[in-house]
$ cat final12.tsv   # TSV, C-alpha atoms
chain	number	residue	atom	x	y	z
A	97	MET	CA	35.26	36.93	82.58
A	98	ASN	CA	34.20	38.81	85.73
A	99	HIS	CA	30.45	38.51	86.31
A	100	PRO	CA	28.37	39.85	89.20
A	101	LEU	CA	27.41	37.09	91.61
A	102	ILE	CA	24.00	36.37	93.14
A	103	ILE	CA	24.60	35.40	96.76
A	104	ASP	CA	20.95	34.83	97.63
A	105	ALA	CA	17.47	35.80	96.42
A	106	LEU	CA	14.39	35.81	98.64
A	107	ARG	CA	10.77	36.76	98.23
A	108	SER	CA	7.62	36.92	100.27
A	109	PRO	CA	4.67	34.77	99.30
A	110	ARG	CA	2.30	36.80	97.15
A	111	GLY	CA	-0.96	37.85	98.75
A	112	ARG	CA	-4.15	38.82	96.98
A	113	GLY	CA	-4.01	42.47	96.00
A	114	ASN	CA	-7.42	43.36	97.43
A	115	ASP	CA	-9.10	43.96	100.78
A	116	LYS	CA	-9.30	40.20	101.39
A	117	GLY	CA	-5.57	39.65	100.92
A	118	ALA	CA	-3.71	38.00	103.79
A	119	LEU	CA	-0.86	40.56	103.69
A	120	ARG	CA	-3.10	43.63	103.76
A	121	PRO	CA	-2.72	44.22	107.53
A	122	LEU	CA	0.99	44.88	106.98
A	123	LYS	CA	2.42	48.16	105.68
A	124	PRO	CA	4.58	48.03	102.52
A	125	VAL	CA	7.65	49.26	104.40
A	126	ASP	CA	7.27	46.40	106.89
A	127	LEU	CA	6.75	43.78	104.17
A	128	LEU	CA	9.96	44.84	102.44
A	129	ALA	CA	11.84	45.17	105.72
A	130	GLN	CA	11.03	41.55	106.58
A	131	GLN	CA	12.66	40.37	103.36
A	132	LEU	CA	15.73	42.52	104.00
A	133	LYS	CA	16.05	41.16	107.55
A	134	ALA	CA	15.72	37.58	106.29
A	135	LEU	CA	18.35	38.23	103.62
A	136	ALA	CA	20.83	39.48	106.23
A	137	GLU	CA	20.10	36.58	108.60
A	138	ARG	CA	20.35	33.85	105.95
A	139	THR	CA	23.65	35.09	104.58
A	140	GLY	CA	25.24	36.20	107.87
A	141	LEU	CA	25.56	39.63	106.29
A	142	ASP	CA	27.32	42.56	107.90
A	143	THR	CA	25.01	45.17	106.41
A	144	ALA	CA	27.66	47.88	106.68
A	145	GLN	CA	29.39	46.12	103.75
A	146	VAL	CA	26.48	46.91	101.39
A	147	SER	CA	27.29	49.81	99.08
A	148	ASP	CA	23.77	50.41	97.72
A	149	THR	CA	20.20	49.13	97.79
A	150	ILE	CA	17.92	49.67	94.81
A	151	ILE	CA	14.23	48.81	95.08
A	152	GLY	CA	11.61	48.68	92.35
A	153	CYS	CA	8.20	50.12	93.16
A	154	VAL	CA	5.71	51.21	90.52
A	155	THR	CA	3.11	53.14	92.50
A	156	GLN	CA	5.31	55.42	94.58
A	157	THR	CA	2.75	57.35	96.57
A	158	ALA	CA	1.23	57.34	100.06
A	159	GLU	CA	2.59	54.31	101.98
A	160	GLN	CA	4.91	53.45	99.08
A	161	GLY	CA	6.21	57.00	98.65
A	162	ALA	CA	9.08	58.97	100.19
A	163	ASN	CA	11.81	56.56	99.00
A	164	ILE	CA	10.55	53.30	100.48
A	165	ALA	CA	13.94	51.71	99.69
A	166	LYS	CA	15.78	53.72	102.34
A	167	LEU	CA	12.91	53.64	104.81
A	168	ALA	CA	12.70	49.83	104.65
A	169	LEU	CA	16.45	49.61	105.34
A	170	VAL	CA	15.92	51.71	108.47
A	171	ARG	CA	12.93	49.57	109.47
A	172	ALA	CA	14.98	46.39	108.95
A	173	GLY	CA	17.70	47.65	111.28
A	174	TRP	CA	20.40	47.79	108.62
A	175	HIS	CA	23.47	49.96	109.13
A	176	ASP	CA	22.88	53.66	108.56
A	177	SER	CA	25.69	53.71	105.98
A	178	VAL	CA	23.58	51.75	103.45
A	179	PRO	CA	22.04	54.03	100.79
A	180	GLY	CA	18.60	53.36	99.30
A	181	LEU	CA	17.09	54.23	95.91
A	182	SER	CA	13.54	53.60	94.68
A	183	ILE	CA	13.01	53.18	90.92
A	184	ASN	CA	10.06	52.81	88.56
A	185	ARG	CA	10.44	51.05	85.21
A	186	TYR	CA	6.82	49.90	85.37
A	187	CYS	CA	6.49	46.12	85.61
A	188	ALA	CA	10.20	45.64	84.82
A	189	SER	CA	11.23	47.63	87.93
A	190	GLY	CA	12.33	44.73	90.13
A	191	LEU	CA	14.64	43.19	87.54
A	192	SER	CA	16.04	46.61	86.62
A	193	ALA	CA	16.78	47.11	90.33
A	194	VAL	CA	18.76	43.85	90.39
A	195	HIS	CA	20.64	44.89	87.25
A	196	LEU	CA	21.54	48.31	88.65
A	197	ALA	CA	22.53	46.85	92.01
A	198	ALA	CA	24.80	44.33	90.26
A	199	GLN	CA	26.49	47.22	88.45
A	200	GLN	CA	27.00	49.01	91.76
A	201	ALA	CA	28.53	45.88	93.30
A	202	MET	CA	30.95	45.55	90.38
A	203	ASP	CA	31.80	49.26	90.21
A	204	ASN	CA	32.55	49.40	93.94
A	205	ASP	CA	33.97	45.85	94.29
A	206	SER	CA	31.39	45.40	97.03
A	207	LEU	CA	27.95	44.09	97.92
A	208	ALA	CA	24.65	45.59	96.79
A	209	VAL	CA	20.98	44.69	97.02
A	210	GLY	CA	18.32	44.81	94.32
A	211	GLY	CA	14.68	44.11	95.07
A	212	GLY	CA	11.14	45.34	94.91
A	213	VAL	CA	7.88	45.90	96.73
A	214	GLU	CA	4.27	46.47	95.75
A	215	MET	CA	1.18	46.20	97.93
A	216	MET	CA	-1.74	46.60	95.59
A	217	SER	CA	-4.20	45.90	98.41
A	218	ARG	CA	-3.10	49.10	100.15
A	219	VAL	CA	-1.78	51.28	97.32
A	220	PRO	CA	-3.93	50.46	94.28
A	221	MET	CA	-2.49	50.51	90.77
A	222	ALA	CA	-2.54	54.07	89.34
A	223	ALA	CA	-3.03	55.62	92.79
A	224	ASP	CA	-0.17	57.97	91.90
A	225	GLN	CA	-2.47	59.44	89.19
A	226	GLY	CA	0.29	59.85	86.62
A	227	PRO	CA	-0.29	60.85	82.99
A	228	LEU	CA	-0.15	57.25	81.75
A	229	THR	CA	-3.45	56.50	83.51
A	230	HIS	CA	-5.02	59.85	84.40
A	231	ASP	CA	-4.24	62.37	81.62
A	232	PHE	CA	-6.57	61.46	78.75
A	233	GLU	CA	-5.32	64.32	76.54
A	234	PHE	CA	-1.74	63.10	76.94
A	235	GLN	CA	-2.78	59.52	76.18
A	236	GLN	CA	-4.54	60.62	72.98
A	237	GLN	CA	-1.62	62.76	71.83
A	238	THR	CA	0.93	59.99	72.42
A	239	THR	CA	-1.24	56.95	71.47
A	240	LEU	CA	-0.51	55.31	74.82
A	241	VAL	CA	-3.52	53.05	75.22
A	242	PRO	CA	-4.48	50.80	78.19
A	243	ILE	CA	-2.22	47.76	78.21
A	244	GLY	CA	-5.07	45.27	78.23
A	245	ILE	CA	-6.15	46.60	74.85
A	246	CYS	CA	-2.53	46.31	73.69
A	247	ALA	CA	-2.66	42.62	74.66
A	248	ASP	CA	-5.89	42.15	72.70
A	249	THR	CA	-4.29	43.87	69.71
A	250	VAL	CA	-1.27	41.54	69.86
A	251	ALA	CA	-3.63	38.55	69.99
A	252	THR	CA	-5.47	39.86	66.93
A	253	LEU	CA	-2.28	40.54	64.98
A	254	GLU	CA	-0.95	37.07	65.74
A	255	GLY	CA	-4.23	35.22	65.32
A	256	PHE	CA	-4.28	33.91	68.89
A	257	SER	CA	-7.78	32.78	69.86
A	258	ARG	CA	-9.44	33.19	73.23
A	259	GLU	CA	-9.34	29.40	73.57
A	260	GLN	CA	-5.56	29.38	73.12
A	261	CYS	CA	-5.16	32.15	75.71
A	262	ASP	CA	-7.44	30.34	78.16
A	263	ALA	CA	-5.54	27.07	77.68
A	264	TYR	CA	-2.31	28.89	78.56
A	265	ALA	CA	-3.93	30.37	81.68
A	266	VAL	CA	-5.20	26.96	82.85
A	267	ALA	CA	-1.69	25.53	82.42
A	268	SER	CA	-0.26	28.36	84.55
A	269	GLN	CA	-2.75	27.60	87.31
A	270	GLN	CA	-2.07	23.86	87.18
A	271	ARG	CA	1.70	24.36	87.27
A	272	ALA	CA	1.48	26.77	90.21
A	273	ALA	CA	-0.76	24.39	92.17
A	274	ALA	CA	1.67	21.52	91.56
A	275	ALA	CA	4.69	23.65	92.54
A	276	LEU	CA	3.03	24.72	95.80
A	277	ALA	CA	2.09	21.13	96.61
A	278	GLN	CA	5.66	19.98	95.93
A	279	GLY	CA	7.31	22.82	97.87
A	280	ARG	CA	9.31	24.03	94.86
A	281	PHE	CA	9.49	27.68	95.96
A	282	ARG	CA	12.38	27.38	98.41
A	283	SER	CA	13.21	31.09	98.30
A	284	VAL	CA	9.90	32.09	99.90
A	285	VAL	CA	10.11	33.69	103.36
A	286	PRO	CA	6.85	33.51	105.36
A	287	VAL	CA	5.43	36.88	106.37
A	288	VAL	CA	4.54	37.56	110.02
A	289	ASP	CA	2.58	40.23	111.87
A	290	GLY	CA	3.85	42.48	114.64
A	291	GLN	CA	3.46	39.71	117.21
A	292	GLY	CA	5.34	37.16	115.10
A	293	ALA	CA	2.25	35.19	114.02
A	294	VAL	CA	2.42	33.98	110.41
A	295	LEU	CA	0.17	35.99	108.09
A	296	LEU	CA	1.05	34.06	104.94
A	297	ALA	CA	3.46	31.18	104.33
A	298	GLN	CA	2.85	30.51	100.61
A	299	ASP	CA	1.30	32.25	97.61
A	300	GLU	CA	-2.45	32.70	98.04
A	301	THR	CA	-3.41	33.87	94.55
A	302	PRO	CA	-3.46	30.55	92.60
A	303	ARG	CA	-6.90	29.12	91.82
A	304	ALA	CA	-6.37	25.38	91.41
A	305	GLN	CA	-9.98	24.83	90.39
A	306	THR	CA	-9.61	26.96	87.24
A	307	SER	CA	-10.78	25.18	84.09
A	308	LEU	CA	-11.42	25.97	80.45
A	309	GLU	CA	-15.13	25.90	81.27
A	310	SER	CA	-14.85	28.37	84.14
A	311	LEU	CA	-12.75	30.76	82.05
A	312	ALA	CA	-15.16	30.56	79.11
A	313	ALA	CA	-17.86	32.11	81.31
A	314	LEU	CA	-15.84	35.31	81.90
A	315	LYS	CA	-16.53	38.46	79.91
A	316	PRO	CA	-13.72	40.22	78.00
A	317	ALA	CA	-12.13	42.73	80.35
A	318	PHE	CA	-11.25	45.52	77.92
A	319	ALA	CA	-13.93	45.58	75.21
A	320	ALA	CA	-16.17	48.10	76.98
A	321	MET	CA	-13.26	50.45	77.70
A	322	ALA	CA	-12.11	50.24	74.09
A	323	GLU	CA	-15.59	51.11	72.88
A	324	LYS	CA	-16.11	53.92	75.37
A	325	TYR	CA	-12.92	55.70	74.33
A	326	GLY	CA	-12.94	54.77	70.64
A	327	ILE	CA	-9.64	52.91	70.85
A	328	ASP	CA	-10.38	49.98	68.53
A	329	PRO	CA	-10.56	52.13	65.36
A	330	LEU	CA	-7.24	53.74	66.31
A	331	MET	CA	-5.56	50.35	66.72
A	332	CYS	CA	-7.13	48.98	63.54
A	333	GLU	CA	-5.87	51.93	61.51
A	334	ARG	CA	-2.42	51.85	63.07
A	335	TYR	CA	-1.86	48.11	62.56
A	336	GLY	CA	-3.93	47.41	59.44
A	337	LEU	CA	-6.62	45.35	61.16
A	338	GLU	CA	-10.31	45.00	60.39
A	339	ARG	CA	-11.27	44.54	64.04
A	340	ILE	CA	-9.77	43.90	67.49
A	341	ASP	CA	-10.56	40.52	69.04
A	342	HIS	CA	-10.97	41.07	72.78
A	343	VAL	CA	-9.66	37.80	74.20
A	344	GLN	CA	-8.20	38.92	77.53
A	345	HIS	CA	-10.26	38.73	80.72
A	346	ALA	CA	-9.68	38.44	84.46
A	347	GLY	CA	-8.82	34.74	84.22
A	348	ASN	CA	-6.05	34.98	81.60
A	349	SER	CA	-4.56	38.25	82.85
A	350	PRO	CA	-2.06	38.68	85.71
A	351	ALA	CA	-3.58	38.62	89.19
A	352	MET	CA	-2.95	41.79	91.22
A	353	ALA	CA	-0.86	40.93	94.25
A	354	ASP	CA	1.10	42.10	97.27
A	355	GLY	CA	4.74	41.07	97.53
A	356	ALA	CA	8.33	42.01	98.28
A	357	SER	CA	11.66	40.52	97.27
A	358	ALA	CA	15.39	41.07	97.80
A	359	VAL	CA	18.53	39.85	96.01
A	360	LEU	CA	22.05	40.13	97.42
A	361	LEU	CA	24.65	40.80	94.71
A	362	ALA	CA	28.44	40.79	95.01
A	363	SER	CA	31.53	41.34	92.95
A	364	PRO	CA	33.69	38.19	92.83
A	365	GLY	CA	36.30	39.96	94.95
A	366	ALA	CA	33.85	41.01	97.64
A	367	ALA	CA	32.31	37.53	97.82
A	368	ALA	CA	35.76	35.99	98.29
A	369	ARG	CA	36.83	38.53	100.94
A	370	LEU	CA	33.64	38.09	102.95
A	371	GLY	CA	33.37	34.33	102.56
A	372	LEU	CA	30.00	34.49	100.78
A	373	LYS	CA	29.02	31.50	98.66
A	374	PRO	CA	27.09	32.46	95.51
A	375	ARG	CA	24.03	30.69	94.13
A	376	GLY	CA	24.46	32.12	90.64
A	377	ARG	CA	26.03	34.69	88.37
A	378	ILE	CA	24.59	37.24	85.96
A	379	LEU	CA	25.95	36.61	82.47
A	380	ALA	CA	24.19	39.50	80.70
A	381	THR	CA	21.33	41.98	80.97
A	382	ALA	CA	19.49	44.00	78.32
A	383	THR	CA	17.07	46.90	78.63
A	384	VAL	CA	15.01	47.92	75.61
A	385	SER	CA	12.06	49.99	74.54
A	386	VAL	CA	9.83	49.03	71.60
A	387	ASP	CA	6.62	50.27	69.95
A	388	ARG	CA	5.03	52.33	72.73
A	389	THR	CA	1.47	51.77	71.51
A	390	LEU	CA	1.69	48.00	71.19
A	391	ALA	CA	3.71	48.28	74.40
A	392	LEU	CA	4.07	44.71	75.67
A	393	THR	CA	6.14	42.81	73.09
A	394	GLY	CA	9.58	44.01	74.25
A	395	ALA	CA	10.48	40.87	76.22
A	396	VAL	CA	11.29	39.25	72.86
A	397	GLN	CA	13.86	41.89	71.87
A	398	ALA	CA	15.23	42.15	75.42
A	399	THR	CA	15.80	38.39	75.51
A	400	GLN	CA	17.47	38.45	72.09
A	401	GLN	CA	19.82	41.25	73.15
A	402	ALA	CA	20.71	39.63	76.49
A	403	LEU	CA	21.45	36.29	74.82
A	404	SER	CA	23.57	38.02	72.19
A	405	LYS	CA	25.61	39.79	74.89
A	406	ALA	CA	26.12	36.46	76.64
A	407	GLY	CA	27.12	34.72	73.38
A	408	LEU	CA	24.27	32.25	73.82
A	409	HIS	CA	21.23	30.99	71.91
A	410	ILE	CA	17.70	29.93	72.88
A	411	GLU	CA	18.72	26.26	72.90
A	412	ASP	CA	21.46	27.03	75.47
A	413	ILE	CA	18.82	28.06	78.04
A	414	ASP	CA	17.25	25.50	80.38
A	415	LEU	CA	14.48	27.66	81.85
A	416	PHE	CA	12.64	30.86	81.00
A	417	GLU	CA	10.96	32.88	83.77
A	418	VAL	CA	8.92	35.53	81.97
A	419	ASN	CA	6.31	37.70	83.65
A	420	GLU	CA	2.88	36.66	82.44
A	421	SER	CA	1.73	40.15	81.51
A	422	PHE	CA	-1.20	38.56	79.62
A	423	ALA	CA	-1.71	35.10	78.11
A	424	SER	CA	-1.49	36.42	74.55
A	425	LEU	CA	1.94	37.91	75.27
A	426	MET	CA	3.24	34.54	76.47
A	427	LEU	CA	2.04	32.93	73.25
A	428	HIS	CA	3.77	35.77	71.36
A	429	TYR	CA	7.03	35.21	73.30
A	430	MET	CA	7.07	31.47	72.60
A	431	LYS	CA	6.22	31.94	68.93
A	432	HIS	CA	8.79	34.62	68.11
A	433	LEU	CA	11.67	33.07	70.07
A	434	ASN	CA	10.81	29.42	69.45
A	435	VAL	CA	10.73	28.76	73.19
A	436	PRO	CA	9.03	25.45	74.09
A	437	HIS	CA	6.26	25.67	76.68
A	438	ASP	CA	7.94	22.97	78.79
A	439	LYS	CA	10.81	25.42	79.49
A	440	LEU	CA	8.65	28.52	80.12
A	441	ASN	CA	7.28	29.34	83.58
A	442	VAL	CA	7.43	25.69	84.59
A	443	ASN	CA	5.98	26.45	88.05
A	444	GLY	CA	3.33	28.87	86.84
A	445	GLY	CA	3.51	32.60	86.40
A	446	ALA	CA	1.72	35.82	87.29
A	447	ILE	CA	-1.64	34.68	85.91
A	448	ALA	CA	-1.69	32.17	88.77
A	449	LEU	CA	0.92	33.39	91.26
A	450	GLY	CA	0.08	37.07	91.05
A	451	HIS	CA	1.93	40.16	89.87
A	452	ALA	CA	3.19	42.48	92.63
A	453	MET	CA	4.37	44.96	90.03
A	454	GLY	CA	7.57	46.47	91.45
A	455	SER	CA	8.60	43.19	93.09
A	456	THR	CA	7.95	40.61	90.37
A	457	GLY	CA	11.23	40.98	88.48
A	458	SER	CA	13.44	40.48	91.52
A	459	ALA	CA	11.16	37.69	92.79
A	460	LEU	CA	11.72	35.82	89.51
A	461	VAL	CA	15.47	35.70	90.22
A	462	GLY	CA	14.89	33.50	93.26
A	463	MET	CA	12.29	31.42	91.42
A	464	ALA	CA	14.73	30.78	88.57
A	465	LEU	CA	17.57	29.81	90.91
A	466	ASP	CA	15.29	27.53	92.95
A	467	GLU	CA	14.32	25.58	89.85
A	468	LEU	CA	17.82	25.50	88.32
A	469	GLU	CA	19.07	24.02	91.59
A	470	ALA	CA	16.22	21.50	91.82
A	471	ARG	CA	16.91	20.30	88.27
A	472	GLN	CA	20.70	20.64	88.47
A	473	ALA	CA	20.31	22.74	85.33
A	474	ARG	CA	22.63	25.50	84.21
A	475	ARG	CA	21.07	28.65	82.80
A	476	ALA	CA	17.84	30.67	82.88
A	477	VAL	CA	16.49	33.77	81.18
A	478	ILE	CA	14.36	36.15	83.24
A	479	SER	CA	12.35	38.80	81.38
A	480	LEU	CA	9.54	41.28	81.89
A	481	CYS	CA	7.84	43.86	79.72
A	482	GLY	CA	6.16	47.03	80.92
A	483	ALA	CA	3.99	49.89	79.80
A	484	ALA	CA	5.05	52.29	77.03
A	485	GLY	CA	7.23	49.61	75.39
A	486	LEU	CA	9.76	49.03	78.19
A	487	ALA	CA	11.33	45.60	78.75
A	488	VAL	CA	14.25	43.99	80.57
A	489	ALA	CA	15.89	40.56	80.30
A	490	MET	CA	18.67	38.87	82.27
A	491	VAL	CA	20.65	35.69	81.70
A	492	VAL	CA	21.66	33.91	84.92
A	493	GLU	CA	23.80	30.85	85.47
A	494	ARG	CA	23.73	28.53	88.47
A	495	VAL	CA	26.98	28.28	90.40
$ encode --input "final12.tsv" --output "structure tokens"
Amino acid sequence: MNHPLIIDALRSPRGRGNDKGALRPLKPVDLLAQQLKALAERTGLDTAQVSDTIIGCVTQTAEQGANIAKLALVRAGWHDSVPGLSINRYCASGLSAVHLAAQQAMDNDSLAVGGGVEMMSRVPMAADQGPLTHDFEFQQQTTLVPIGICADTVATLEGFSREQCDAYAVASQQRAAAALAQGRFRSVVPVVDGQGAVLLAQDETPRAQTSLESLAALKPAFAAMAEKYGIDPLMCERYGLERIDHVQHAGNSPAMADGASAVLLASPGAAARLGLKPRGRILATATVSVDRTLALTGAVQATQQALSKAGLHIEDIDLFEVNESFASLMLHYMKHLNVPHDKLNVNGGAIALGHAMGSTGSALVGMALDELEARQARRAVISLCGAAGLAVAMVVERV
């Protein structure tokens, strides 16, 4: 069967998404352009052969507005014939961009690029002031509640304790620290400033000193918001609960980050014609939408659909790279799919490594391939959920 091929997948290290972040001096268009330039250099790519470039970016305003996909191609010096498209499927944007680019490569028997960028230090989350975050009347009418409260509701429904969520978060930090020490992220491209000096060579968000004791001292992040806007009674009535247990806090939630990533896709024919050696192939992809109020559980259904399309089962998968939207959602994913923790986010996830929203999905492609290659393993599932019930999953196979 003809499957789209992954020629290479690169990402920047993730910087802290605040005013102390190492990447903050760089503009988003430059951060993405560096990844595109590195992708062309590493693969010996004639950029005129690329039929489309699709880039995920959630907060498309100010420095991330005006179709940053095309502008980054120009900044990277790619051929003027390469189109660019910016998309927003919330936190699933980067993986959706890879999926859509793979379809373009297959449809045109050509090359295409999928990727993402988000610089939360320069363009803060919700800076676009859309109705999801800034129209309270709309939120009330549609029961679209803040996603942190959704995560607390999932934890309550499933009976996940704060201690269980904190234990997951500590494991993510420990795994990320070990992976950085062992140099397991081979797809990372160091980021430089205008003079060529390295700004950041590896992810700066992990906190290796994190412990159960340090997390226990943190206050719940979403309890006050839920009380202020009267959201708990709404969730209790909707899901038959007596109360909402607010277990999520800054230490077991994804760290806001800056990052960019790029994946070169090819049809088998184009790869053969151009002499490009693939690292992997995409066996199947699924895009779903689930309960918009609970919002963040869709990675389960997306994974099930993608595996079904590929004719595979959970036990056929060696690794799962799933965006750590919140600790409770990772516990939910493992429980409902019977995924063992020793196959899930083996080098840490967004709780430790950071979540550069539009970039995370495409960054996970490179992370999955790196680890499949290191282990000489065969297949991985990549999945992310997003606001309003959106989710995407992809099954990839090492070549």
$ residues_around --input "final12.tsv" --residues "Ile102 (chain A)" --least-positions-apart "5" --cutoff "8 Å" --atoms "only C-alpha atoms" --output "VMD selection string"
chain A and resid 359 to 362 374 to 378
$ atom_distance --input "final12.tsv" --atom1 "CA of Gly444 (chain A)" --atom2 "CA of Cys481 (chain A)"
17.2 Å
$ closest_residue --input "final12.tsv" --among "A:Ile164, A:Ala459, A:Leu122, A:Ala473" --to "Val418 (chain A)" --atoms "only C-alpha atoms"
A:Ala459
$ atom_distance --input "final12.tsv" --atom1 "CA of Gly117 (chain A)" --atom2 "CA of Gly211 (chain A)"
21.5 Å
$ residues_around --input "final12.tsv" --residues "region 450-454 of chain A" --least-positions-apart "5" --cutoff "9 Å" --atoms "all atoms listed in the file" --output "PDB file with C-alpha atoms, in the frame of the given file"
ATOM      1  CA  ARG A 110       2.300  36.800  97.150  1.00  0.00           C
ATOM      2  CA  GLY A 111      -0.960  37.850  98.750  1.00  0.00           C
ATOM      3  CA  ARG A 112      -4.150  38.820  96.980  1.00  0.00           C
ATOM      4  CA  GLY A 113      -4.010  42.470  96.000  1.00  0.00           C
ATOM      5  CA  ILE A 151      14.230  48.810  95.080  1.00  0.00           C
ATOM      6  CA  GLY A 152      11.610  48.680  92.350  1.00  0.00           C
ATOM      7  CA  CYS A 153       8.200  50.120  93.160  1.00  0.00           C
ATOM      8  CA  VAL A 154       5.710  51.210  90.520  1.00  0.00           C
ATOM      9  CA  THR A 155       3.110  53.140  92.500  1.00  0.00           C
ATOM     10  CA  ILE A 183      13.010  53.180  90.920  1.00  0.00           C
ATOM     11  CA  ASN A 184      10.060  52.810  88.560  1.00  0.00           C
ATOM     12  CA  ARG A 185      10.440  51.050  85.210  1.00  0.00           C
ATOM     13  CA  TYR A 186       6.820  49.900  85.370  1.00  0.00           C
ATOM     14  CA  CYS A 187       6.490  46.120  85.610  1.00  0.00           C
ATOM     15  CA  ALA A 188      10.200  45.640  84.820  1.00  0.00           C
ATOM     16  CA  SER A 189      11.230  47.630  87.930  1.00  0.00           C
ATOM     17  CA  GLY A 190      12.330  44.730  90.130  1.00  0.00           C
ATOM     18  CA  LEU A 191      14.640  43.190  87.540  1.00  0.00           C
ATOM     19  CA  GLY A 211      14.680  44.110  95.070  1.00  0.00           C
ATOM     20  CA  GLY A 212      11.140  45.340  94.910  1.00  0.00           C
ATOM     21  CA  VAL A 213       7.880  45.900  96.730  1.00  0.00           C
ATOM     22  CA  GLU A 214       4.270  46.470  95.750  1.00  0.00           C
ATOM     23  CA  MET A 215       1.180  46.200  97.930  1.00  0.00           C
ATOM     24  CA  MET A 216      -1.740  46.600  95.590  1.00  0.00           C
ATOM     25  CA  MET A 221      -2.490  50.510  90.770  1.00  0.00           C
ATOM     26  CA  ASP A 299       1.300  32.250  97.610  1.00  0.00           C
ATOM     27  CA  GLU A 300      -2.450  32.700  98.040  1.00  0.00           C
ATOM     28  CA  THR A 301      -3.410  33.870  94.550  1.00  0.00           C
ATOM     29  CA  PRO A 302      -3.460  30.550  92.600  1.00  0.00           C
ATOM     30  CA  PRO A 350      -2.060  38.680  85.710  1.00  0.00           C
ATOM     31  CA  ALA A 351      -3.580  38.620  89.190  1.00  0.00           C
ATOM     32  CA  MET A 352      -2.950  41.790  91.220  1.00  0.00           C
ATOM     33  CA  ALA A 353      -0.860  40.930  94.250  1.00  0.00           C
ATOM     34  CA  ASP A 354       1.100  42.100  97.270  1.00  0.00           C
ATOM     35  CA  GLY A 355       4.740  41.070  97.530  1.00  0.00           C
ATOM     36  CA  ALA A 356       8.330  42.010  98.280  1.00  0.00           C
ATOM     37  CA  ASN A 419       6.310  37.700  83.650  1.00  0.00           C
ATOM     38  CA  GLU A 420       2.880  36.660  82.440  1.00  0.00           C
ATOM     39  CA  SER A 421       1.730  40.150  81.510  1.00  0.00           C
ATOM     40  CA  GLY A 445       3.510  32.600  86.400  1.00  0.00           C
TER      41      GLY A 445
END
$ atom_distance --input "final12.tsv" --atom1 "CA of Ala483 (chain A)" --atom2 "CA of Leu240 (chain A)"
8.6 Å
$ residues_around --input "final12.tsv" --residues "region 405-415 of chain A" --least-positions-apart "2" --cutoff "10 Å" --atoms "all atoms listed in the file" --output "PDB file with C-alpha atoms, in the coordinates of the input"
ATOM      1  CA  ILE A 378      24.590  37.240  85.960  1.00  0.00           C
ATOM      2  CA  LEU A 379      25.950  36.610  82.470  1.00  0.00           C
ATOM      3  CA  ALA A 380      24.190  39.500  80.700  1.00  0.00           C
ATOM      4  CA  THR A 381      21.330  41.980  80.970  1.00  0.00           C
ATOM      5  CA  ALA A 382      19.490  44.000  78.320  1.00  0.00           C
ATOM      6  CA  THR A 399      15.800  38.390  75.510  1.00  0.00           C
ATOM      7  CA  GLN A 400      17.470  38.450  72.090  1.00  0.00           C
ATOM      8  CA  GLN A 401      19.820  41.250  73.150  1.00  0.00           C
ATOM      9  CA  ALA A 402      20.710  39.630  76.490  1.00  0.00           C
ATOM     10  CA  LEU A 403      21.450  36.290  74.820  1.00  0.00           C
ATOM     11  CA  GLU A 417      10.960  32.880  83.770  1.00  0.00           C
ATOM     12  CA  VAL A 418       8.920  35.530  81.970  1.00  0.00           C
ATOM     13  CA  LEU A 433      11.670  33.070  70.070  1.00  0.00           C
ATOM     14  CA  ASN A 434      10.810  29.420  69.450  1.00  0.00           C
ATOM     15  CA  VAL A 435      10.730  28.760  73.190  1.00  0.00           C
ATOM     16  CA  PRO A 436       9.030  25.450  74.090  1.00  0.00           C
ATOM     17  CA  HIS A 437       6.260  25.670  76.680  1.00  0.00           C
ATOM     18  CA  ASP A 438       7.940  22.970  78.790  1.00  0.00           C
ATOM     19  CA  LYS A 439      10.810  25.420  79.490  1.00  0.00           C
ATOM     20  CA  LEU A 440       8.650  28.520  80.120  1.00  0.00           C
ATOM     21  CA  ASN A 441       7.280  29.340  83.580  1.00  0.00           C
ATOM     22  CA  VAL A 442       7.430  25.690  84.590  1.00  0.00           C
ATOM     23  CA  ALA A 464      14.730  30.780  88.570  1.00  0.00           C
ATOM     24  CA  LEU A 465      17.570  29.810  90.910  1.00  0.00           C
ATOM     25  CA  GLU A 467      14.320  25.580  89.850  1.00  0.00           C
ATOM     26  CA  LEU A 468      17.820  25.500  88.320  1.00  0.00           C
ATOM     27  CA  ARG A 471      16.910  20.300  88.270  1.00  0.00           C
ATOM     28  CA  ALA A 473      20.310  22.740  85.330  1.00  0.00           C
ATOM     29  CA  ARG A 474      22.630  25.500  84.210  1.00  0.00           C
ATOM     30  CA  ARG A 475      21.070  28.650  82.800  1.00  0.00           C
ATOM     31  CA  ALA A 476      17.840  30.670  82.880  1.00  0.00           C
ATOM     32  CA  VAL A 477      16.490  33.770  81.180  1.00  0.00           C
ATOM     33  CA  ILE A 478      14.360  36.150  83.240  1.00  0.00           C
ATOM     34  CA  MET A 490      18.670  38.870  82.270  1.00  0.00           C
ATOM     35  CA  VAL A 491      20.650  35.690  81.700  1.00  0.00           C
ATOM     36  CA  VAL A 492      21.660  33.910  84.920  1.00  0.00           C
ATOM     37  CA  GLU A 493      23.800  30.850  85.470  1.00  0.00           C
TER      38      GLU A 493
END
$ closest_residue --input "final12.tsv" --among "A:Ala273, A:Leu296, A:Leu330, A:Leu390" --to "Pro121 (chain A)" --atoms "only C-alpha atoms"
A:Leu296
$ residues_around --input "final12.tsv" --residues "Ala322 (chain A)" --least-positions-apart "2" --cutoff "12 Å" --atoms "all atoms listed in the file" --output "list in words"
Val241, Pro242, Ile243, Gly244, Ile245, Cys246, Asp248, Thr249, Pro316, Ala317, Phe318, Ala319, Ala320, Lys324, Tyr325, Gly326, Ile327, Asp328, Pro329, Leu330, Met331, Cys332, Arg339, Ile340, Asp341 and His342 of chain A
